[in-house]
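S.K.: Got a structure here, written out as structure tokens. Questions coming.
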Amino acid sequence: MFLAPVRTFPICLLVLAAVVWPVESYAAQLTLTWTDNSTNEDGFAIERKTGSTGTFAQIATVGPNLTSYTDSAAASMTTYCYRVAAFNVAGDSPYSSEACGTTPQSFGLAIVEVGTGSGTVTSTPTGITCGTSCSGSYPNGTAVTLAATPAAGSIFSGWSGGGCTGTGPCTVTLTATTTVTSTFDVSPTVALSVTETGTGIGTVTSTPAGITCGTSCSGSYANGTAVTLTATPATGSAFFGWSGGCSGKSSCTVTLTADTVINANFKRRGGPR
């Protein structure tokens, strides 16, 4: 089958605009669009140069019938010029006219996590999701809201830097490179809860004291405490085992480093299990 050459009339590059919110990352980006005047292209080749006096070099190709491309490998506050050509196996079309644009000024926002605990910091707009240390880049003047979520067994103790204080979400308006510190500490106490399941009934007690189910099915203990649970079935019932952080039918010891739920399964004797 004969493939006709790409049409020789130019592809018009119509719009080149700075993108304020990048698609995947917050590095500076530029998006160019063009009109597809060819009918049998295999794709488009995109070339870029820095400033009006730079040298063009190909940075990407895209498939047929596409009419836009986002350049995500651009530097902050830099002018770039672009041109586009269609191609197929028979050759290339003439280049489009040039179009230039300047990326917005961007600043970095870095999060440093300290303390004896752990947790996650996320941002709105997106760009930061971190544990120990991370950073993102945002256009000048962007208001970035940071939220901290402690891991199990930890508490969020607060922010410092970037004008952030307290333990609630904090908004930083970026006009310079900024570092914010998030402090996560080990929770001083954790909760142990016991849930009784099954068709029977019984009592669960703890050592150290704090739990006596049915009187009280939860207790608070210092982080790292080893708590031993003992199940005693009522008359006409049998204890059929633990689930959650314990297993088996004998007394179970759980070392608490986070809020924990243990299930105690009592079955009625002679009834369904």
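Residues in the structure tokens are numbered from 1 in each chain, the chains being A, B, ... in the order shown, and ligands are numbered from 1 in the order shown.
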Identify, on the basis of only C-alpha atoms, every residue whose closest approach to A:Ser68 does not exceed 8 Å; exclude the query and any residue fewer than 3 positions from it along the same chain; express the result as a ChimeraX atom specification.

M.R.: /A:31-34

S.K.: Using N, CA and C atoms, can you write the selected residues to a file as a short mmCIF file (atom, residue, chain, number, x, y, z; two decimals), in the first residue's frame?

M.R.:
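Result written to out-v6.cif:
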```
data_model
loop_
_atom_site.label_atom_id
_atom_site.label_comp_id
_atom_site.auth_asym_id
_atom_site.auth_seq_id
_atom_site.Cartn_x
_atom_site.Cartn_y
_atom_site.Cartn_z
N THR A 31 2.74 24.45 28.17
CA THR A 31 1.92 23.62 27.29
C THR A 31 1.77 24.33 25.95
N LEU A 32 2.06 23.61 24.85
CA LEU A 32 1.85 24.16 23.53
C LEU A 32 0.76 23.38 22.81
N THR A 33 0.00 24.06 21.99
CA THR A 33 -1.04 23.43 21.18
C THR A 33 -0.87 23.86 19.73
N TRP A 34 -1.35 23.03 18.80
CA TRP A 34 -1.23 23.35 17.39
C TRP A 34 -2.44 22.80 16.64
#
```

S.K.: Which residues come within 8 Å of A:Val121, counting only C-alpha atoms, excluding same-chain residues fewer than 2 positions away, as a list in words?

M.R.: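 Listed by chain and then number, they are Ile111, Gly119, Ser123, Ile128, Thr129, Cys130, Gly131, Leu146, Ala147, Ala148, Thr149 and Ser182 of chain A.
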
S.K.: From the set A:Gly108, A:Val186, A:Thr232, A:Thr199, which residue has the shortest atom-to-atom contact distance to A:Cys213, counting only C-alpha atoms?

M.R.: A:Thr232

S.K.: Just checking: using only C-alpha atoms, which residue out of A:Ala264, A:Ala99, A:Ala258, A:Ala209 ends up closest to A:Ala231?

M.R.: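 Comparing A:Ala264, A:Ala99, A:Ala258, A:Ala209 against A:Ala231, the winner is A:Ala264.
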
S.K.: Can you pull out the residues contacting stretch 76-88 of chain A? Cut-off 6 Å, using only C-alpha atoms, and skip same-chain residues under 2 positions away; I want them as a list in words.

M.R.: Ala28, Glu41, Asp42, Gly43, Phe44, Ala45, Ile46, Glu47, Arg48, Lys49, Thr50, Gly51, Ala90, Gly91, Asp92, Ser93, Tyr95, Ser96, Glu98, Ala99, Cys100, Gly101, Thr102, Thr103, Pro104, Gln105 and Ser106 of chain A

S.K.: Restricted to N, CA and C atoms, what would the selected residues look like written as a compact mmCIF listing (two decimals), in the first residue's frame?

M.R.:
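That gives us result16.txt:
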```txt
# COMPACT_ATOMS: atom_id res chain seq x y z
N ALA A 28 8.14 23.75 36.99
CA ALA A 28 7.63 24.68 35.99
C ALA A 28 7.28 23.92 34.72
N GLU A 41 -0.40 11.71 8.91
CA GLU A 41 0.83 11.72 9.72
C GLU A 41 0.89 10.47 10.61
N ASP A 42 2.12 10.07 10.92
CA ASP A 42 2.35 9.03 11.94
C ASP A 42 2.53 9.65 13.32
N GLY A 43 2.79 10.93 13.35
CA GLY A 43 2.98 11.62 14.61
C GLY A 43 3.55 12.99 14.40
N PHE A 44 3.91 13.64 15.50
CA PHE A 44 4.48 14.98 15.46
C PHE A 44 5.77 15.01 16.27
N ALA A 45 6.78 15.68 15.73
CA ALA A 45 8.04 15.88 16.43
C ALA A 45 8.04 17.29 17.03
N ILE A 46 8.43 17.39 18.30
CA ILE A 46 8.42 18.66 19.00
C ILE A 46 9.86 19.05 19.32
N GLU A 47 10.24 20.26 18.92
CA GLU A 47 11.58 20.77 19.19
C GLU A 47 11.51 22.00 20.07
N ARG A 48 12.56 22.18 20.87
CA ARG A 48 12.60 23.29 21.83
C ARG A 48 13.98 23.94 21.82
N LYS A 49 14.03 25.25 22.06
CA LYS A 49 15.28 25.93 22.31
C LYS A 49 15.08 26.88 23.47
N THR A 50 16.18 27.21 24.14
CA THR A 50 16.13 28.12 25.28
C THR A 50 16.35 29.54 24.79
N GLY A 51 15.36 30.39 25.03
CA GLY A 51 15.45 31.76 24.58
C GLY A 51 15.32 31.87 23.07
N ALA A 90 7.29 8.58 4.80
CA ALA A 90 7.74 9.23 3.58
C ALA A 90 8.56 10.49 3.84
N GLY A 91 8.51 10.99 5.06
CA GLY A 91 9.28 12.19 5.34
C GLY A 91 8.63 13.08 6.37
N ASP A 92 9.13 14.31 6.44
CA ASP A 92 8.65 15.28 7.42
C ASP A 92 8.01 16.47 6.72
N SER A 93 7.07 17.09 7.41
CA SER A 93 6.49 18.34 6.91
C SER A 93 7.42 19.50 7.25
N TYR A 95 8.50 22.81 9.29
CA TYR A 95 8.23 23.17 10.68
C TYR A 95 7.11 24.20 10.77
N SER A 96 6.42 24.17 11.87
CA SER A 96 5.45 25.22 12.16
C SER A 96 6.18 26.52 12.45
N GLU A 98 7.38 29.43 15.00
CA GLU A 98 7.86 29.32 16.38
C GLU A 98 6.87 30.01 17.32
N ALA A 99 6.82 29.51 18.54
CA ALA A 99 6.05 30.17 19.60
C ALA A 99 6.86 30.05 20.88
N CYS A 100 6.87 31.11 21.68
CA CYS A 100 7.70 31.17 22.88
C CYS A 100 6.83 31.46 24.11
N GLY A 101 7.30 31.01 25.24
CA GLY A 101 6.63 31.28 26.50
C GLY A 101 7.64 31.22 27.64
N THR A 102 7.29 31.87 28.75
CA THR A 102 8.17 31.92 29.91
C THR A 102 7.49 31.22 31.09
N THR A 103 8.23 30.33 31.73
CA THR A 103 7.68 29.61 32.88
C THR A 103 7.55 30.56 34.06
N PRO A 104 6.57 30.29 34.94
CA PRO A 104 6.43 31.14 36.12
C PRO A 104 7.55 30.88 37.12
N GLN A 105 7.79 31.85 37.99
CA GLN A 105 8.75 31.65 39.07
C GLN A 105 8.21 30.62 40.05
N SER A 106 9.04 29.67 40.46
CA SER A 106 8.63 28.62 41.38
C SER A 106 9.54 28.60 42.60
```

S.K.: Run DSSP on the backbone and give me the residues of stretch 188-241 of chain A it puts in strand (DSSP E or B), as a PyMOL selection string.

M.R.: chain A and resi 189-197+202-207+212-213+216+218-222+226-233+237-241

S.K.: Considering only C-alpha atoms, state which residue in the set A:Phe266, A:Tyr221, A:Trp242, A:Trp159 is at the smallest distance from A:Gly198.

M.R.: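 Distance minimum relative to A:Gly198 lands on A:Phe266.
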
S.K.: Using only C-alpha atoms, which of A:Thr195, A:Asn265, A:Ser218, A:Ser118 sits nearest A:Pro150?

M.R.: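 Closest candidate: A:Ser118.
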
S.K.: Counting only C-alpha atoms, which of A:Thr175, A:Ser243, A:Ile262, A:Thr181 gets nearest to A:Ser206?

M.R.: A:Ile262

S.K.: Would you work out the distance separating atom CA of A:Gly248 from atom CA of A:Ile211, expressed in Å to one decimal?

M.R.: 19.3 Å

S.K.: Can you list, as a ChimeraX atom specification, every protein, DNA or RNA residue that comes within 10 Å of A:Pro188 when you count only C-alpha atoms, leaving out same-chain residues fewer than 5 positions away?

M.R.: /A:153-155,221-224,257

S.K.: Kindly give the distance, in Å, that separates atom CA of A:Asn37 and atom CA of A:Phe56, rounded to a single decimal.

M.R.: 22.3 Å

S.K.: Between atom CA of A:Val112 and atom CA of A:Cys134, measure the distance and give it in Å to one decimal.

M.R.: 7.0 Å

S.K.: Applying 7 Å and only C-alpha atoms, which residues near A:Thr183 remain after dropping the ones on its own chain fewer than 6 positions away? List them as a ChimeraX atom specification.

M.R.: /A:113-115,156-159

S.K.: Any chance you could export the current selection's N, CA and C atoms as a compact mmCIF listing (two decimals), in the first residue's frame?

M.R.:
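This went into out_39.txt:
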```
# COMPACT_ATOMS: atom_id res chain seq x y z
N GLU A 113 10.60 15.82 58.95
CA GLU A 113 9.90 15.18 60.07
C GLU A 113 10.88 14.88 61.19
N VAL A 114 10.51 15.28 62.41
CA VAL A 114 11.34 15.02 63.58
C VAL A 114 10.47 14.40 64.68
N GLY A 115 11.12 13.98 65.75
CA GLY A 115 10.41 13.42 66.89
C GLY A 115 10.60 11.92 66.99
N PHE A 156 0.64 13.63 66.63
CA PHE A 156 1.25 14.78 65.97
C PHE A 156 1.38 15.90 67.00
N SER A 157 2.61 16.35 67.24
CA SER A 157 2.87 17.33 68.29
C SER A 157 2.90 18.77 67.78
N GLY A 158 2.97 18.97 66.45
CA GLY A 158 2.88 20.33 65.95
C GLY A 158 3.86 20.68 64.86
N TRP A 159 3.66 21.91 64.29
CA TRP A 159 4.47 22.44 63.21
C TRP A 159 5.45 23.48 63.72
```

S.K.: List as a PyMOL selection string the protein and nucleic acid residues near A:Asp36, meaning an atom at most 7 Å away when only C-alpha atoms are counted, but skip any in the same chain fewer than 2 places from it.

M.R.: chain A and resi 11+34+38+65+67

S.K.: Restricting the output to N, CA and C atoms, write the selected residues as a CSV table (one decimal), in the first residue's frame.

M.R.:
```csv
chain,number,residue,atom,x,y,z
A,11,ILE,N,2.0,23.3,9.5
A,11,ILE,CA,1.1,23.1,10.7
A,11,ILE,C,1.2,24.3,11.5
A,34,TRP,N,-1.4,23.0,18.8
A,34,TRP,CA,-1.2,23.3,17.4
A,34,TRP,C,-2.4,22.8,16.6
A,38,SER,N,-2.5,18.1,8.6
A,38,SER,CA,-2.1,16.9,7.8
A,38,SER,C,-3.1,15.8,8.1
A,65,ASN,N,-2.8,12.8,15.3
A,65,ASN,CA,-4.1,13.4,15.6
A,65,ASN,C,-4.0,14.1,17.0
A,67,THR,N,-2.8,17.2,19.4
A,67,THR,CA,-2.6,18.7,19.1
A,67,THR,C,-2.1,19.4,20.3
```

S.K.: Tell me which protein, DNA and RNA residues are within 9 Å of A:Gly214, counting only C-alpha atoms, leaving out same-chain ones fewer than 5 positions away, and put them as an mmCIF file with N, CA and C atoms, in the first residue's frame.

M.R.:
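See result-v5.cif below for the written result:
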```cif
data_model
loop_
_atom_site.group_PDB
_atom_site.id
_atom_site.type_symbol
_atom_site.label_atom_id
_atom_site.label_comp_id
_atom_site.auth_asym_id
_atom_site.auth_seq_id
_atom_site.Cartn_x
_atom_site.Cartn_y
_atom_site.Cartn_z
ATOM 1 N N GLU A 196 -16.610 -9.154 72.489
ATOM 2 C CA GLU A 196 -17.055 -10.536 72.638
ATOM 3 C C GLU A 196 -17.957 -10.908 71.476
ATOM 4 N N GLY A 202 -19.270 -14.872 78.423
ATOM 5 C CA GLY A 202 -18.153 -15.115 79.318
ATOM 6 C C GLY A 202 -17.547 -13.807 79.772
ATOM 7 N N THR A 203 -16.433 -13.903 80.463
ATOM 8 C CA THR A 203 -15.760 -12.742 81.024
ATOM 9 C C THR A 203 -14.312 -12.717 80.554
ATOM 10 N N VAL A 204 -13.835 -11.537 80.228
ATOM 11 C CA VAL A 204 -12.433 -11.332 79.877
ATOM 12 C C VAL A 204 -11.839 -10.356 80.885
#
```
